[in-house]
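**Student:** Dropping the structure in here first, questions after.
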Amino acid sequence: MTETVVERMPAPDPTAAAFFDVDNTMIMGASIFHLARGLVERKFFRTADLLGFAWKQVKFRVLGREDHQGIEDSREQLLSFVAGRRTDELAALCEEIFDSRIASRVWPGTRSLAQLHLAAGQRVWLVTAAPVELAEIIARRLGLTGALGTVGERENGVYTGRLVGGLMHGQAKADALRVLAEREGLNLANCVAYSDSHNDLPMLSAVGTAIAVNPDSGLREIARTRGWEIRDFRTGRKAIKIGLPTILATCALAAAITAVVAGRRRI
């Protein structure tokens with residue numbers, strides 16, 4: 001069944017925002033693999049070093065789910081490869097790699113969702129385990145507000161091969177959203193989060209409205225159980241079309257109920 005909603009776009013809400021996962025949500029496949037492949041092409045490291053990334057990418061694409069240990073291992077590999085390299089060198093390469101490998105892999109449907117939030121006067125962030133440098137470039141090229149990602153330690157403009165904090169994954173994403181909300185004056189009950197992975201359940205549960213995009217089997221089941229909207233751009237399956245005004249209205253209603261029950265706004 002298809003529901004068509006014709007409704008005037010609501011006034012901008014400065015406390016509302018949207019958060020998008022990147023891998024298989026905003027782009028096809030794993031961004032860290034596209035980055036690694038681009039770095040191999042530019043002689044940043046050896047072709048043989050790409051094999052581990054390639055195997056993890058095959059599992060990711062075929063099985064349709066993230067492997068936390070695989071993500072951790074890939075992160076460790078990439079950190080070792082960039083240790084001793086200049087940050088401005090990697091930033092320049094990320095720009096090139098976006099153009100050559102990532103721009104064509106952006107899901108048009110997901111990008112349209114992000115644009116709807118921007119058109120409604122909302123801010124939009126990417127939230128990803130990928131290196132923050134790459135995440136920020138993707139966000140900037142798509143015209144989004146910004147990005148939260150995994151941060152590599154730097155000393156005097158050079159990567160040390162260590163992290164600042166941990167991997168931006170799982171619970172860390174939800175924690176980062178709460179810090180961002182406090183800093184930016186957002187009410188998470190008015191916000192929307194999009195992801196393909198059950199690993200992002202903490203982030204999806206932290207906001208007023210969660211939407212599963214190209215979901216893995218675990219998230220699909222959770223979304224059905226919780227009544228979350230599902231958007232699948234991979235197969236042409238048609239999810240129920242619910243306009244952004246309806247999504248925002250749902251967020252506002254959830255926020256109002258929360259305020260009445262709790263007696264205060266929850267950020």
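Following the order of the structure tokens, first chain is A, next is B, and so on, with residues numbered from 1 inside each chain and ligands from 1 in the order they appear.
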Give me the residues within 6 Å of segment 85-90 of chain A as a list in words, counting only C-alpha atoms and dropping any in the same chain fewer than 6 places off.
**Tutor:**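 Using only C-alpha atoms, the neighbours found are Gly157, Val158 and Tyr159 of chain A.
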**Student:** Let me see the file: selected residues, C-alpha atoms, as a PDB file, in the first residue's frame.
**Tutor:**
```
ATOM      1  CA  GLY A 157      50.572  17.743  11.475  1.00  0.00           C
ATOM      2  CA  VAL A 158      51.576  14.065  11.331  1.00  0.00           C
ATOM      3  CA  TYR A 159      49.511  10.959  12.208  1.00  0.00           C
TER       4      TYR A 159
END
```
**Student:** Residues at most 10 Å from segment 226-228 of chain A, counting only C-alpha atoms, excluding those fewer than 4 positions away in the same chain, as a JSON list (two decimals) with C-alpha atoms, in the first residue's frame?
**Tutor:**
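Heads up, here's the output in selection-v2.json:
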```json
[["chain", "number", "residue", "atom", "x", "y", "z"],
["A", 204, "LEU", "CA", 18.66, 4.86, 16.42],
["A", 209, "THR", "CA", 12.42, 8.84, 14.97],
["A", 210, "ALA", "CA", 14.53, 5.98, 13.62],
["A", 211, "ILE", "CA", 14.45, 4.91, 9.97],
["A", 212, "ALA", "CA", 16.10, 1.76, 8.61],
["A", 219, "LEU", "CA", 17.84, -4.25, 11.83],
["A", 220, "ARG", "CA", 14.98, -5.22, 9.52],
["A", 221, "GLU", "CA", 13.53, -7.44, 12.24],
["A", 222, "ILE", "CA", 14.01, -4.76, 14.90]]
```
**Student:** Apply DSSP to the backbone of this structure and, from segment 147-203 of chain A, keep only the residues in helix (DSSP H, G or I); write these as JSON, numbers by chain.
**Tutor:** {"A": [171, 172, 173, 174, 175, 176, 177, 178, 179, 180, 181, 182, 183, 184, 188, 189, 190, 198, 199, 200, 201, 202, 203]}
**Student:** Taking only C-alpha atoms into account, name the residue in A:Ala147, A:Ala18, A:Ile230, A:Ala139 that is nearest to Gly121 of chain A.
**Tutor:**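 Of A:Ala147, A:Ala18, A:Ile230, A:Ala139, the one nearest Gly121 of chain A is A:Ala18, counting only C-alpha atoms.
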**Student:** Separation of atom CA of Tyr194 of chain A and atom CA of Ala174 of chain A, in Å?
**Tutor:** 12.5 Å
**Student:** Between A:Trp107, A:Phe98, A:Phe33, A:Phe19, which residue has the minimum interatomic distance to Arg231 of chain A, considering only C-alpha atoms?
**Tutor:**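 So, comparing all the options, the nearest one is A:Trp107.
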**Student:** Smallest atom-to-atom distance to Asn199 of chain A: which of A:Ala172, A:Leu142, A:Ala36, A:Ile27, using only C-alpha atoms?
**Tutor:** A:Ala172
**Student:** With a distance cut-off of 10 Å and only C-alpha atoms, select the neighbouring residues of Leu118 of chain A, excluding the residue or stretch itself and same-chain residues fewer than 2 positions from it, and output the selection as a VMD selection string.
**Tutor:** chain A and resid 12 17 to 18 112 to 116 120 to 124 143 to 145
**Student:** Could you tell me which of A:Thr110, A:Thr160, A:Ser104, A:Ser205 comes closest to Arg178 of chain A if we count only C-alpha atoms?
**Tutor:**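 Between A:Thr110, A:Thr160, A:Ser104, A:Ser205, the residue approaching Arg178 of chain A most closely is A:Ser205.
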